[in-house]
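A.B. asks: What follows is the file entry.csv, containing CSV, C-alpha atoms:
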chain,number,residue,atom,x,y,z
S,205,MET,CA,2.4,62.9,2.3
S,206,ARG,CA,0.1,64.3,5.0
S,207,LYS,CA,-3.6,63.7,5.3
S,208,GLY,CA,-6.1,66.2,6.8
S,209,TYR,CA,-9.6,67.5,7.1
S,210,VAL,CA,-11.1,70.9,7.1
S,211,SER,CA,-14.6,71.9,8.1
S,212,SER,CA,-17.0,73.4,5.5
S,213,GLY,CA,-20.6,74.3,5.1
S,214,PHE,CA,-21.2,70.8,3.8
S,215,GLY,CA,-19.3,68.8,6.5
S,216,GLN,CA,-15.6,67.7,6.6
S,217,LEU,CA,-13.5,67.9,3.4
S,218,HIS,CA,-10.6,65.5,3.0
S,219,TYR,CA,-7.2,66.4,1.5
S,220,VAL,CA,-3.7,65.1,1.1
S,221,GLU,CA,-0.6,67.3,0.8
S,222,SER,CA,3.1,67.0,0.1
S,223,GLY,CA,5.9,69.5,0.3
S,224,ALA,CA,6.2,72.5,2.5
S,225,ALA,CA,3.6,72.6,5.3
S,226,ALA,CA,1.6,75.7,6.1
S,227,GLY,CA,3.7,78.4,7.6
S,228,GLN,CA,7.0,76.9,6.3
S,229,PRO,CA,9.2,78.2,3.5
S,230,GLY,CA,8.4,76.8,0.1
S,231,GLY,CA,6.9,77.5,-3.3
S,232,GLU,CA,3.3,78.8,-3.8
S,233,PRO,CA,0.6,76.2,-3.0
S,234,VAL,CA,-0.7,74.1,-5.9
S,235,LEU,CA,-4.3,72.7,-5.6
S,236,LEU,CA,-5.1,69.6,-7.7
S,237,LEU,CA,-8.7,68.6,-8.4
S,238,HIS,CA,-9.5,65.1,-9.6
S,239,GLN,CA,-12.0,63.7,-12.2
S,240,THR,CA,-15.1,61.9,-11.0
S,241,PRO,CA,-15.8,59.4,-9.7
S,242,ARG,CA,-12.3,59.4,-8.4
S,243,SER,CA,-10.5,60.8,-5.3
S,244,TRP,CA,-7.2,62.3,-4.4
S,245,THR,CA,-5.5,59.0,-5.3
S,246,GLU,CA,-5.6,60.0,-8.9
S,247,TYR,CA,-2.6,62.2,-8.0
S,248,VAL,CA,-0.8,59.7,-5.7
S,249,ASP,CA,2.3,59.7,-7.8
S,250,VAL,CA,2.1,63.4,-8.9
S,251,LEU,CA,1.9,64.9,-5.4
S,252,PRO,CA,5.4,64.2,-4.2
S,253,LEU,CA,6.9,65.4,-7.5
S,254,VAL,CA,5.0,68.7,-7.4
S,255,GLY,CA,5.6,68.8,-3.7
S,256,ALA,CA,9.4,68.9,-4.3
S,257,GLU,CA,9.0,72.6,-5.2
S,258,HIS,CA,5.5,73.6,-3.9
S,259,ARG,CA,3.0,72.8,-1.2
S,260,ALA,CA,1.0,70.4,-3.3
S,261,ILE,CA,-2.6,69.7,-2.2
S,262,ALA,CA,-5.0,67.2,-3.6
S,263,MET,CA,-8.6,67.4,-2.2
S,264,ASP,CA,-11.4,64.9,-2.4
S,265,THR,CA,-14.2,66.6,-4.3
S,266,LEU,CA,-17.4,67.1,-2.3
S,267,GLY,CA,-19.4,63.8,-2.4
S,268,PHE,CA,-16.4,61.7,-3.4
S,269,GLY,CA,-13.5,60.0,-1.6
S,270,ALA,CA,-13.4,60.7,2.1
S,271,SER,CA,-15.1,64.1,1.8
S,272,ALA,CA,-18.6,64.8,3.1
S,273,LYS,CA,-21.4,63.3,1.0
S,274,PRO,CA,-24.4,65.7,1.4
S,275,GLU,CA,-27.8,64.9,0.0
S,276,GLY,CA,-29.2,66.9,-2.9
S,277,PRO,CA,-28.1,67.1,-6.5
S,278,HIS,CA,-24.5,67.6,-7.3
S,279,SER,CA,-23.5,70.6,-9.5
S,280,ILE,CA,-20.2,72.2,-10.6
S,281,GLU,CA,-21.2,75.3,-8.5
S,282,ARG,CA,-21.6,73.2,-5.4
S,283,PHE,CA,-18.3,71.4,-6.0
S,284,ALA,CA,-16.7,74.8,-6.3
S,285,ASP,CA,-18.4,76.0,-3.2
S,286,ALA,CA,-16.7,73.2,-1.2
S,287,ALA,CA,-13.3,73.8,-2.9
S,288,GLU,CA,-13.5,77.5,-2.0
S,289,ASP,CA,-14.2,76.5,1.6
S,290,LEU,CA,-11.1,74.3,1.6
S,291,VAL,CA,-8.8,77.0,0.2
S,292,ASP,CA,-10.1,79.5,2.7
S,293,ALA,CA,-9.7,77.0,5.6
S,294,LEU,CA,-6.2,76.3,4.5
S,295,GLY,CA,-5.3,80.0,4.2
S,296,LEU,CA,-4.4,79.8,0.5
S,297,ASP,CA,-4.5,83.5,-0.3
S,298,ARG,CA,-2.9,82.8,-3.7
S,299,PHE,CA,-2.4,79.5,-5.3
S,300,HIS,CA,-1.9,77.6,-8.6
S,301,LEU,CA,-4.8,75.5,-9.7
S,302,VAL,CA,-4.8,72.2,-11.6
S,303,GLY,CA,-7.9,70.2,-12.7
S,304,HIS,CA,-8.3,67.0,-14.6
S,305,HIS,CA,-11.6,66.1,-16.4
S,306,THR,CA,-14.4,67.0,-14.0
S,307,GLY,CA,-11.7,68.6,-11.8
S,308,GLY,CA,-10.9,70.9,-14.7
S,309,VAL,CA,-14.5,72.0,-14.9
S,310,ILE,CA,-14.6,72.7,-11.2
S,311,ALA,CA,-11.3,74.6,-11.6
S,312,VAL,CA,-12.9,76.8,-14.3
S,313,GLU,CA,-15.7,77.8,-11.9
S,314,LEU,CA,-13.2,78.4,-9.1
S,315,ALA,CA,-10.9,80.4,-11.2
S,316,ALA,CA,-13.8,82.5,-12.5
S,317,ARG,CA,-14.8,83.3,-8.9
S,318,LEU,CA,-11.4,83.9,-7.3
S,319,GLN,CA,-9.7,85.5,-10.3
S,320,ASP,CA,-6.4,87.1,-9.0
S,321,ARG,CA,-6.1,84.6,-6.2
S,322,VAL,CA,-5.4,82.0,-8.8
S,323,ALA,CA,-1.7,82.4,-9.8
S,324,SER,CA,-2.0,80.1,-12.8
S,325,LEU,CA,-4.5,77.6,-14.2
S,326,LEU,CA,-3.7,74.2,-15.8
S,327,LEU,CA,-6.7,72.4,-17.3
S,328,SER,CA,-6.1,68.8,-18.2
S,329,ALA,CA,-8.5,67.0,-20.5
S,330,THR,CA,-11.2,69.4,-19.5
S,331,PRO,CA,-14.5,69.0,-21.4
S,332,PHE,CA,-15.7,72.1,-23.3
S,333,VAL,CA,-19.3,72.5,-22.2
S,334,ASP,CA,-21.1,74.8,-24.6
S,335,GLU,CA,-24.8,75.1,-25.5
S,336,GLU,CA,-24.6,72.2,-27.9
S,337,LYS,CA,-23.2,69.9,-25.3
S,338,ARG,CA,-25.9,70.9,-22.8
S,339,ARG,CA,-28.6,70.5,-25.4
S,340,THR,CA,-27.5,66.9,-26.2
S,341,ALA,CA,-26.7,65.9,-22.6
S,342,GLY,CA,-29.7,63.6,-22.4
S,343,GLU,CA,-28.6,61.6,-25.5
S,344,ARG,CA,-25.2,60.7,-24.0
S,345,LYS,CA,-24.5,57.2,-22.7
S,346,GLN,CA,-23.9,56.7,-19.0
S,347,VAL,CA,-20.2,56.3,-18.4
S,348,ASP,CA,-19.9,54.3,-15.1
S,349,HIS,CA,-23.4,53.3,-14.0
S,350,VAL,CA,-23.9,49.6,-13.3
S,351,ASP,CA,-26.8,47.9,-11.6
S,352,PRO,CA,-25.6,45.8,-8.5
S,353,ARG,CA,-26.3,42.1,-8.9
S,354,PRO,CA,-26.3,39.3,-6.2
S,355,ASP,CA,-23.5,37.4,-8.1
S,356,GLY,CA,-21.2,40.4,-8.3
S,357,THR,CA,-21.0,40.4,-12.0
S,358,HIS,CA,-21.6,44.2,-12.0
S,359,LEU,CA,-18.0,44.5,-10.6
S,360,LEU,CA,-16.6,43.0,-13.8
S,361,GLU,CA,-18.9,45.1,-15.9
S,362,LEU,CA,-17.6,48.3,-14.2
S,363,TRP,CA,-14.0,47.1,-14.6
S,364,ASN,CA,-14.5,46.4,-18.3
S,365,ARG,CA,-16.1,49.9,-18.8
S,366,ARG,CA,-12.8,51.4,-17.9
S,367,ARG,CA,-10.4,48.7,-19.0
S,368,GLY,CA,-9.8,50.3,-22.4
S,369,PHE,CA,-8.5,53.4,-20.8
S,370,TYR,CA,-5.6,51.6,-19.1
S,371,ALA,CA,-2.7,49.8,-20.7
S,372,GLU,CA,-1.6,46.3,-19.7
S,373,GLY,CA,0.4,46.6,-16.5
S,374,GLU,CA,-1.6,49.5,-15.2
S,375,GLU,CA,-4.0,47.4,-13.2
S,376,ALA,CA,-3.0,49.1,-9.9
S,377,ALA,CA,-4.4,52.4,-11.2
S,378,LEU,CA,-7.6,50.6,-12.4
S,379,ASN,CA,-7.9,49.1,-8.9
S,380,ARG,CA,-7.8,52.6,-7.4
S,381,PHE,CA,-10.6,53.6,-9.8
S,382,MET,CA,-12.7,50.7,-8.7
S,383,ILE,CA,-12.3,51.5,-5.0
S,384,ASP,CA,-13.3,55.2,-5.7
S,385,ALA,CA,-16.3,54.3,-7.9
S,386,LEU,CA,-17.6,51.6,-5.6
S,387,THR,CA,-17.5,54.1,-2.7
S,388,VAL,CA,-20.2,56.2,-4.5
S,389,LEU,CA,-21.8,53.5,-6.7
S,390,ASP,CA,-25.3,54.8,-5.9
S,391,ARG,CA,-24.3,58.3,-7.3
S,392,VAL,CA,-21.5,57.3,-9.6
S,393,GLU,CA,-22.8,59.1,-12.6
S,394,GLU,CA,-23.7,62.4,-11.0
S,395,GLY,CA,-20.4,64.1,-11.5
S,396,HIS,CA,-20.7,63.5,-15.3
S,397,VAL,CA,-24.2,64.8,-15.2
S,398,ALA,CA,-23.1,68.0,-13.4
S,399,VAL,CA,-20.4,68.6,-16.1
S,400,ARG,CA,-23.0,68.4,-18.9
S,401,ARG,CA,-25.3,70.9,-17.2
S,402,TYR,CA,-22.6,73.5,-16.4
S,403,GLU,CA,-22.8,76.8,-18.1
S,404,MET,CA,-19.1,76.9,-18.7
S,405,ASP,CA,-19.1,79.2,-21.8
S,406,ARG,CA,-20.7,82.0,-19.7
S,407,ARG,CA,-17.9,81.7,-17.0
S,408,LEU,CA,-14.8,81.6,-19.2
S,409,PRO,CA,-14.7,85.4,-19.7
S,410,ASP,CA,-14.3,85.8,-15.9
S,411,ILE,CA,-11.1,83.9,-15.7
S,412,THR,CA,-8.0,86.1,-15.3
S,413,ALA,CA,-5.3,83.6,-14.6
S,414,ARG,CA,-2.8,82.6,-17.3
S,415,THR,CA,-4.1,79.2,-18.5
S,416,LEU,CA,-2.8,76.1,-20.3
S,417,ALA,CA,-5.0,73.4,-21.6
S,418,VAL,CA,-3.4,69.9,-22.0
S,419,CYS,CA,-4.7,66.5,-23.1
S,420,ALA,CA,-3.6,63.0,-23.7
S,421,PRO,CA,-3.6,61.7,-27.3
S,422,GLY,CA,-5.7,58.7,-26.4
S,423,ASP,CA,-8.4,60.7,-24.7
S,424,HIS,CA,-11.2,60.6,-27.2
S,425,TYR,CA,-13.6,62.3,-24.8
S,426,SER,CA,-11.7,65.7,-24.5
S,427,LEU,CA,-9.1,65.8,-27.3
S,428,PRO,CA,-11.6,66.5,-30.2
S,429,ALA,CA,-12.7,69.8,-28.5
S,430,LEU,CA,-9.3,70.9,-27.2
S,431,GLU,CA,-8.7,73.6,-29.8
S,432,ARG,CA,-12.3,74.9,-29.6
S,433,PHE,CA,-12.0,75.1,-25.9
S,434,ALA,CA,-8.7,76.9,-26.1
S,435,ALA,CA,-10.2,79.4,-28.6
S,436,ALA,CA,-13.1,80.2,-26.3
S,437,LEU,CA,-10.8,80.6,-23.4
S,438,GLY,CA,-7.9,82.3,-25.2
S,439,CYS,CA,-5.2,80.0,-23.9
S,440,GLU,CA,-2.3,77.8,-25.0
S,441,THR,CA,-2.7,74.1,-25.6
S,442,ARG,CA,-0.4,71.1,-25.4
S,443,VAL,CA,-0.9,67.4,-26.3
S,444,LEU,CA,1.2,65.2,-24.1
S,445,PRO,CA,3.3,62.3,-25.6
S,446,GLY,CA,1.0,59.5,-24.4
S,447,GLY,CA,-1.8,58.4,-22.1
S,448,HIS,CA,-5.5,58.2,-22.0
S,449,VAL,CA,-8.3,59.4,-19.6
S,450,PRO,CA,-6.3,58.5,-16.5
S,451,LEU,CA,-3.3,60.7,-17.6
S,452,PRO,CA,-2.0,61.8,-14.2
S,453,GLU,CA,-1.7,58.1,-13.2
S,454,GLN,CA,-0.2,56.9,-16.5
S,455,LEU,CA,2.4,59.6,-16.9
S,456,PRO,CA,2.9,61.2,-13.4
S,457,GLY,CA,6.4,62.3,-14.2
S,458,GLU,CA,5.4,64.1,-17.5
S,459,PHE,CA,2.3,65.5,-15.9
S,460,ALA,CA,4.2,66.9,-12.9
S,461,LYS,CA,6.9,68.3,-15.2
S,462,VAL,CA,4.2,70.3,-17.1
S,463,VAL,CA,2.7,71.5,-13.8
S,464,LEU,CA,6.0,72.7,-12.5
S,465,ALA,CA,7.0,74.4,-15.8
S,466,TRP,CA,3.7,76.2,-16.0
S,467,THR,CA,3.7,77.4,-12.4
S,468,ALA,CA,7.2,78.6,-12.8
S,469,SER,CA,6.3,80.7,-15.8
S,470,ALA,CA,3.3,82.3,-14.1
Mind converting the file's structure to structure tokens?
C.D. replies:
Amino acid sequence: MRKGYVSSGFGQLHYVESGAAAGQPGGEPVLLLHQTPRSWTEYVDVLPLVGAEHRAIAMDTLGFGASAKPEGPHSIERFADAAEDLVDALGLDRFHLVGHHTGGVIAVELAARLQDRVASLLLSATPFVDEEKRRTAGERKQVDHVDPRPDGTHLLELWNRRRGFYAEGEEAALNRFMIDALTVLDRVEEGHVAVRRYEMDRRLPDITARTLAVCAPGDHYSLPALERFAAALGCETRVLPGGHVPLPEQLPGEFAKVVLAWTASA
């Protein structure tokens, strides 16, 4: 895997890629967008599998990981602005797009903007943000916010907030979550807030790419709205055979297999 940076209107954006390098023979590029408050490491085991057939690229969303962290409120539109800067800087004239959770919402906005430049779209556990979700956004509990304490007990609180998403033996993935979340602890909740404010339903009609929506059976955040989301978008759906919120880390082989099959059929 190769790490790199590109310049953008917000500062430097960090990405990691696997597979054919720019200018070399290989399959069409695949851009993978992570959930928040994560980083490219959500795809650490997926990248080489997809990279076996494509130029697989996982970026750090603006404000997260090693990408620039500008001041001002986050929004899905601003996340997509940065992603668009990255695809232009990398010369991705046409590419496949994959997004998980918040990354899926960013992928919706990016696909609505770029249309025919997106060869295919795979949305994993992507929340369906309609008027009802926006109206009740203020009533929803915070997902990852903790108040720092001198004795460090907030670290255990943050660990336990996500512990139920991971099976026994998956502590390495949970450690990666902790690293990513602690990097942005002062703004850890803003990605979730940006999702709840996004006018997704007004952007779905602008998407032209062939789309697949997938979800894990244990993901109680996104699974209940999967069919309504698919109906609004007019796309196919698939429930994978296992996993929870951190699906790409829990089932990287199955996840990559779905990505490769979908990109091959586009």
A.B. asks: Would you kindly identify which residues have an atom no farther than 7 Å from (-20.1, 78.0, 3.4), using all atoms listed in the file and the file's own coordinates, and write them out as an MDAnalysis selection string?
C.D. replies: chainID S and resid 212:213 289
A.B. asks: List every protein, DNA or RNA residue that has at least one atom no more than 8 Å from (6.3, 71.3, -5.0) in the file's coordinates, counting all atoms listed in the file, and write the result as a VMD selection string.
C.D. replies: chain S and resid 222 to 224 230 to 231 233 to 234 251 to 260 464
A.B. asks: If you measure from CA of His238 (chain S) to CA of Gly303 (chain S), what distance in Å do you get, rounded to one decimal?
C.D. replies: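 CA of Gly303 (chain S) lies 6.2 Å from CA of His238 (chain S).
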A.B. asks: I want to know what sits within 12 Å of Asn364 (chain S), based on all atoms listed in the file, with residues of the same chain fewer than 5 positions away left out; could you give that as a PyMOL selection string?
C.D. replies: chain S and resi 347-348+350+357-359+369-370+375+378-379+381-382
A.B. asks: Which neighbours of Ile261 (chain S) fall inside 6 Å, counting only C-alpha atoms, when residues of the same chain fewer than 2 positions from it are skipped, and could you give them as a list in words?
C.D. replies: Val220, Glu221 and Leu235 of chain S
A.B. asks: Considering all atoms listed in the file, can you say which of S:Arg321, S:Arg339, S:His278, S:Arg367 comes closest to Phe299 (chain S)?
C.D. replies: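 Counting all atoms listed in the file, the residue closest to Phe299 (chain S) is S:Arg321.
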A.B. asks: Rank nothing, just name the residue among S:His448, S:Arg400, S:Glu313, S:His349 nearest to Arg365 (chain S), using only C-alpha atoms.
C.D. replies: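 The closest residue to Arg365 (chain S) is S:His349.
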A.B. asks: Kindly give the distance, in Å, that separates CA of Leu290 (chain S) and CA of Gly276 (chain S), rounded to a single decimal.
C.D. replies: 20.1 Å
A.B. asks: Could you state the separation of CA of Gly308 (chain S) and CA of Thr467 (chain S) in Å, given to one decimal place?
C.D. replies: 16.1 Å
A.B. asks: Which residue, S:Asp249, S:Glu393, S:Asp423, S:Asp292, has the smallest gap to Glu453 (chain S) when you use only C-alpha atoms?
C.D. replies: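 Among the listed residues, the smallest separation from Glu453 (chain S) belongs to S:Asp249.
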